Amino acid sequence: MSNEDKEKHDAVGSPHFDSATSEEKQESLRQIIELHDPELTAQVLALGMNTYEEDLVRIEAWRALGMAGTSPLLSNIREAAGQLVRNPEEDEDVQIYALLALALLPVTEVEIRLAQEVIESEAFILVQSAAFDIVKANKHLPHAVLALESLQTHPDFGASAARELQSISGRDD
């Protein structure tokens with residue numbers, strides 16, 4: 001663990017973290033610019049998934065989780081984000097940040113399908129937009145291309161899907 005990771009780990013993982021105020025937790029999470037340490041990543045993920053935690057803390061946790069692209073817990077992060085986004089009782093702002101974290105991370109076909117499901121659902125437009133960011137960020141993947149092709153007739157994202165398809169090697173679809 002680098003000194004920088006150690007300092008961040010101590011800030012977030014300290015014995016006083018459970019008793020820290022919401023503002024102190026948010027500030028500790030804002031200090032995270034990359035997540036490599038599995039223990040720290042697990043703690044941040046737990047905060048992001050804790051429905052008893054204040055939404056602003058959870059949002060900062062998901063922002064930080066977007067920096068965990070090389071984490072050994074990447075599959076756990078992706079799975080947790082999927083659970084959170086599929087939960088109809090979940091706060092929409094937290095869902096947006098979970099989707100935005102996925103847009104920054106390496107994803108699989110599962111996350112592309114999740115994004116497409118959200119876009120095609122009756123979800124709040126900002127949630128749909130965050131889901132579209134996942135597809136757009138991964139347009140180099142075959143499943144994202146298929147999603148973009150099927151979204152071309154979507155009333156809100158059709159024109160954007162067509163533009164993204166055109167930007168892929170100058171496609172002329």
# chains A, B, ... in the order shown; residues from 1 in each chain; ligands from 1
$ residues_around --residues "Asn76 of chain A" --least-positions-apart "6" --cutoff "12 Å" --atoms "only C-alpha atoms" --output "mmCIF file with N, CA and C atoms, in the first residue's frame"
data_model
loop_
_atom_site.group_PDB
_atom_site.id
_atom_site.type_symbol
_atom_site.label_atom_id
_atom_site.label_comp_id
_atom_site.auth_asym_id
_atom_site.auth_seq_id
_atom_site.Cartn_x
_atom_site.Cartn_y
_atom_site.Cartn_z
ATOM 1 N N PRO A 38 -7.723 -3.201 -1.618
ATOM 2 C CA PRO A 38 -8.991 -3.938 -1.509
ATOM 3 C C PRO A 38 -9.770 -3.634 -0.226
ATOM 4 N N THR A 41 -11.324 -0.217 -0.626
ATOM 5 C CA THR A 41 -12.374 -0.325 -1.640
ATOM 6 C C THR A 41 -13.610 -0.986 -1.058
ATOM 7 N N ALA A 42 -13.425 -2.033 -0.273
ATOM 8 C CA ALA A 42 -14.561 -2.726 0.351
ATOM 9 C C ALA A 42 -15.305 -1.798 1.305
ATOM 10 N N VAL A 44 -15.434 1.526 1.127
ATOM 11 C CA VAL A 44 -16.124 2.541 0.324
ATOM 12 C C VAL A 44 -17.365 1.928 -0.322
ATOM 13 N N LEU A 45 -17.247 0.707 -0.819
ATOM 14 C CA LEU A 45 -18.398 0.025 -1.410
ATOM 15 C C LEU A 45 -19.491 -0.184 -0.369
ATOM 16 N N ALA A 46 -19.113 -0.561 0.841
ATOM 17 C CA ALA A 46 -20.100 -0.737 1.912
ATOM 18 C C ALA A 46 -20.833 0.575 2.193
ATOM 19 N N MET A 49 -23.402 1.270 -0.550
ATOM 20 C CA MET A 49 -24.566 0.383 -0.531
ATOM 21 C C MET A 49 -25.413 0.530 0.734
ATOM 22 N N LEU A 65 -15.759 5.134 -6.136
ATOM 23 C CA LEU A 65 -15.713 3.788 -6.718
ATOM 24 C C LEU A 65 -15.471 3.827 -8.225
ATOM 25 N N ALA A 68 -11.925 2.887 -9.274
ATOM 26 C CA ALA A 68 -11.432 1.558 -8.895
ATOM 27 C C ALA A 68 -11.271 0.628 -10.089
ATOM 28 N N GLY A 69 -10.910 1.169 -11.225
ATOM 29 C CA GLY A 69 -10.826 0.386 -12.453
ATOM 30 C C GLY A 69 -9.865 -0.780 -12.419
ATOM 31 N N GLY A 82 -25.276 -2.820 -10.082
ATOM 32 C CA GLY A 82 -26.443 -3.402 -10.737
ATOM 33 C C GLY A 82 -27.590 -3.622 -9.768
ATOM 34 N N GLN A 83 -27.292 -4.136 -8.582
ATOM 35 C CA GLN A 83 -28.327 -4.340 -7.565
ATOM 36 C C GLN A 83 -28.956 -3.014 -7.168
ATOM 37 N N LEU A 102 -20.014 3.236 -13.160
ATOM 38 C CA LEU A 102 -19.883 2.172 -14.162
ATOM 39 C C LEU A 102 -19.373 2.723 -15.490
ATOM 40 N N VAL A 107 -16.380 -2.484 -18.149
ATOM 41 C CA VAL A 107 -17.651 -3.180 -17.957
ATOM 42 C C VAL A 107 -17.726 -4.428 -18.828
#
$ atom_distance --atom1 "atom CA of Pro106 of chain A" --atom2 "atom CA of Tyr52 of chain A"
28.4 Å
$ atom_distance --atom1 "atom CA of Glu60 of chain A" --atom2 "atom CA of Ala115 of chain A"
21.0 Å
$ select_by_dssp --residues "segment 9-166 of chain A" --states "alpha helix (DSSP H)" --output "PyMOL selection string"
chain A and resi 9-13+22-30+38-49+55-65+74-86+92-104+109-119+125-137+142-151+158-166
$ atom_distance --atom1 "atom CA of Ala162 of chain A" --atom2 "atom CA of Ala103 of chain A"
19.0 Å
$ residues_around --residues "Ala161 of chain A" --least-positions-apart "2" --cutoff "9 Å" --atoms "only C-alpha atoms" --output "list in words"
Phe132, Lys136, Ala147, Leu148, Glu149, Ser150, Leu151, Gln152, Thr153, His154, Phe157, Gly158, Ala159, Arg163, Glu164, Leu165 and Gln166 of chain A
$ closest_residue --among "A:Ala20, A:Val57, A:Ala64, A:Ala137" --to "Glu34 of chain A" --atoms "only C-alpha atoms"
A:Ala64
$ closest_residue --among "A:Ile125, A:Ala144, A:Ile168, A:Leu74" --to "Asp156 of chain A" --atoms "only C-alpha atoms"
A:Ile125
$ closest_residue --among "A:Met67, A:Thr108, A:Pro72, A:Ser22" --to "Leu141 of chain A" --atoms "only C-alpha atoms"
A:Thr108
